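Heads up, the thing below is written out as structure tokens.
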Amino acid sequence: MTVPQHGPSTPAPWGTTQVSSNPADIVVKADVLIVGGGMAGAWAAATAARTGASVVLADKGYCGTSGVTATAGPGHWWVPPDPPEARPEAIRARANAGLGLCDPDWMARVIALTWEALPTLAGYYEFPRDASNIVQYRGLRGPEYMRALRRLIADLGVSILDQSPVLELLQRPDGSIGGACGVRRQHGNALYRVESGATVLATGGTSFMSHLLGSRTNTGDGYLMAAEAGAELSGMEFTAAYTVAPQHSTMTRSMSYAFATYYDTDGHEIAPAGPDQIRLLARELLRGPVFCSLHRMPQDIRDHLPTISPNLMLPFARWNIDPFNDRFEVTLHNDGTIRGTGGVRVVGDDCATSVPGLFVAGDVATRELVAGATSGGGAQNSAWALSSGHWAARGAVDFARSRDRRSMPLTPVGQAGLRPLGTARTSDVGAIVQAVKDEMHPLDRNLFRSGEKLRRSQQRLDSAWKEIRHFSGAAAANPLPAREAAALVASARWSLAAALARDESRGLHQREDRPGTSAGFDRRIVVSGLDSIRTGFEDEVHPSTRMELAE
Amino acid sequence: MIEIVIADRCTACNACVTVCPTNVFDTGADGRPVIARQADCQTCFMCELYCKADALYVAPDCDRPAPVDAAAILAANLLGQFRRDSGWDEWQGLYPNEHWLMDGVFRRAREASSSAD
């Protein structure tokens with residue numbers, strides 16, 4: 001690991017933003033840069049460090065509390081190797097649920113690696129034993145899981161840069177990625193730059209700034225940075241996963257709602273448990289308030305709730321609500337691509353993107369490979385985060401060692417929100433973010449879709465994109481909000497374009513004007529581009545191998 | 001959103017400044033944390049988990065400020081619940097991590113709803 005130095009090479013300024021002359025500005029060199037310190041990023045950092053590579057992990061917040069794992073309780077896709085038919089059966093069941101878009105080979109790899117790798121966290125995470133003294137690995141508590149991963153990677157010598165949002169990637173003349181630039185937001189937004197042999201994006205998905213628990217930092221930054229470097233995205237139409245929470249709260253922990261009974265304003269019971277429950281609730285919410293009671297939960301489960309999920313009861317306790325006897329109002333929060341499946345397209349077994357030297361892990365990558373057209377929330381997504389973290393790290397280490405590119409110059413490639421296009425404008429960044437929320441959260445726009453509504457949303461977000469594209473950060477002491485806004489608008493525009501291209505209904509993507517699946521759409525839809533967006537079927541438009549490196 | 005740092009309890013360790021994923025706190029001139037950017041709070045309660053002094057109170061309201069009175073919060077015994085139920089620090093061993101029981105909860109819910117059909 002190279003000790004952070006005061007850089008002799010001052011990082012290139014972006015746009016007209018005043019770049020700090022602060023001596024805290026640093027240049028760090030490493031074999032592998034991991035962008036994002038949630039579950040996927042931390043597993044990637046551990047894997048890369050174990051190969052002997054020098055690793056820097058940069059997180060927008062704090063590796064340990066950032067992201068949606070830390071606030072949740074991820075269960076992993078956990079299928080024993082015995083009996084031998086267990087795994088093929090699990091894969092078949094899940095492939096059917098994924099409606100033709102999964103890949104059984106990837107599913108098998110994910111199950112196998114998760115089974116091997118998760119127990120290696122023993123010593124950092126205290127895996128409990130059940131009454132039969134069998135160690136329970138499958139489900140972990142989020143805060144403890146992330147605390148364990150942080151301690152593990154610290155012990156392995158990973159350099160962790162907390163509170164250091166990455167703003168843009170650095171590209172070499174051959175098109176490969178050679179690191180990233182960001183700011184240290186607790187050090188006066190001093191610029192830092194990591195020069196790395198290869199880079200793993202693990203920035204998470206995006207809830208489009210909904211109140212999904214723990215998702216505030218997940219603004220789609222990785223999608224934007226990958227696309228600016230030339231990568232494509234896949235499955236971005238699957239962004240309509242919604243989760244119940246008490247009204248005005250972030251508590252999207254689904255466990256308590258397993259026993260929920262829902263009522264309309266007249267007190268009539270609605271939305272019985274079943275696969276369509278969220279859509280039934282959404283219909284009711286469009287009519288008026290919906291209320292919930294947990295009276296069906298057995299007493300012995302109530303007694304254990306606080307030590308199963310300690311955060312779950314906090315809102316009730318603080319609002320003085322007895323959820324087992326009172327009826328409390330509920331809402332639905334959009335999970336976007338977090339419990340949805342869209343993300344950067346993966347082109348190799350090592351989670352490579354089509355951009356050389358750029359790898360993806362966790363929710364920033366498409367999870368269609370393991371979840372298809374349905375939510376990978378819970379088991380598949382966690383197992384994917386762990387597995388893709390491992391593969392992306394190995395891919396990055398191999399790439400970093402394949403050829404010495406250290407002498408090549410690096411060009412920062414960030415655009416929207418950093419470097420204004422044409423005439424610079426000073427826009428209201430808050431209004432741009434609100435525009436994204438207005439299109440991506442309402443149930444009657446994003447959950448119940450139609451071509452006409454999607455096109456109207458597109459027009460509004462094309463305007464928002466123009467605003468942020470011309471936005472001048474000149475006066476901004478803090479470049480992060482505008483950059484986040486750009487990522488949010490870009491992610492929403494890709495989602496809308498993919499939703500229009502998928503001219504049918506499938507899984508999470510339901511078009512009221514196109515009910516039912518259509519055989520011709522048994523394929524993944526790829527989107528790319530920033531100012532103008534291109535869509536196409538994965539197998540037709542894009543080569544399945546990564547871009548050749550120019551020598 | 002985060003509503004209050006109880007001055008009488010805060011030990012100025014500034015762990016909340018370090019761990020807040022959305023960078024809500026600053027270290028004030030007196031060395032103690034201050035809520036500098038409340039609007040950025042994502043109501044995740046993580047700061048409370050890392051506050052060994054139980055000096056922080058996050059109101060469950062994520063979309064509206066909910067100002068609170070320090071005395072009332074103290075009287076209602078609402079501080080430290082998350083850290084205690086999580087079995088962190090001095091609570092280790094007293095409040096076991098039973099997260100692994102969650103699978104069984106979902107299974108029983110499925111059984112209950114299918115037997116009701």
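By convention here, the chains of the structure tokens are called A, B, ... in the order presented, each chain's residues are numbered starting at 1, and ligands are numbered starting at 1 in the order presented.
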Among the residues of range 4-95 of chain B, find those DSSP assigns to alpha helix (DSSP H) from the backbone and print them as a list in words.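 DSSP on the backbone gives alpha helix (DSSP H) at Ala15, Cys16, Val17, Thr18, Val19, Met46, Cys47, Glu48, Leu49, Ala70, Ala71, Ala72, Ile73, Leu74, Ala75, Gln81, Phe82, Arg83, Arg84 and Asp85 of chain B.
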Which residues come within 10 Å of range 359-364 of chain A, counting only C-alpha atoms, excluding same-chain residues fewer than 6 positions away, as a ChimeraX atom specification? /A:34-36,38-41,43-44,177,198-206,218,220-223,226,233,337-348,350-353,376,381-396,399
Using only C-alpha atoms, find which residues of chain B lie within 9 Å of chain A and jot them down as a ChimeraX atom specification. /B:18-23,26,40-47,49,59-64,78,81-87,95-103,105-106,108-110,112-114
Atom-to-atom span, CA of Ala122 in chain A and CA of Arg367 in chain A, Å: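 Computing the Euclidean distance for CA of Ala122 in chain A and CA of Arg367 in chain A yields 26.9 Å.
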Under the rule that only C-alpha atoms are counted, which of A:Ala49, A:Gly178, A:Arg94, A:Arg147 is the nearest residue to Pro412 in chain A? A:Gly178
Pick out the residues sitting within 9 Å of range 105-108 of chain A, and hand them over as a PyMOL selection string; count only C-alpha atoms, and ignore anything fewer than 5 positions along from it in its own chain. chain A and resi 87-88+91+94-95+113+349+369-371+380+384
Create the file for the chosen residues now, containing C-alpha atoms and written as a PDB file, in the first residue's frame.
```pdb
ATOM      1  CA  ARG A  87     -29.323 -26.888  -5.803  1.00  0.00           C
ATOM      2  CA  PRO A  88     -30.670 -27.770  -9.256  1.00  0.00           C
ATOM      3  CA  ILE A  91     -32.181 -22.929  -9.462  1.00  0.00           C
ATOM      4  CA  ARG A  94     -35.874 -19.361  -9.127  1.00  0.00           C
ATOM      5  CA  ALA A  95     -35.351 -19.421 -12.894  1.00  0.00           C
ATOM      6  CA  LEU A 113     -19.524 -19.456  -3.656  1.00  0.00           C
ATOM      7  CA  ASP A 349     -17.521 -14.331 -15.411  1.00  0.00           C
ATOM      8  CA  LEU A 369     -28.474 -13.103 -13.976  1.00  0.00           C
ATOM      9  CA  VAL A 370     -29.745 -14.412 -10.633  1.00  0.00           C
ATOM     10  CA  ALA A 371     -33.122 -12.723 -10.172  1.00  0.00           C
ATOM     11  CA  GLN A 380     -30.554 -13.574  -4.283  1.00  0.00           C
ATOM     12  CA  TRP A 384     -25.028 -11.835  -5.481  1.00  0.00           C
TER      13      TRP A 384
END
```
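Distances here use only C-alpha atoms; by that measure, the residue among A:Ala379, A:Ala58, A:Val194, A:Ala148 closest to Trp78 in chain A is A:Ala379.
Across the structure, CA of Leu121 in chain A and CA of Tyr145 in chain A are spaced 8.9 Å apart.
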Please report, as a ChimeraX atom specification, each residue of range 68-240 of chain A to which DSSP assigns strand (DSSP E or B) when run on this structure's backbone. /A:75,122,125,129,135,139,159-161,166-171,177-184,190-201,206,219,233-234
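Straight-line separation from CA of Ala53 in chain B to CA of Gly93 in chain B: 18.9 Å.
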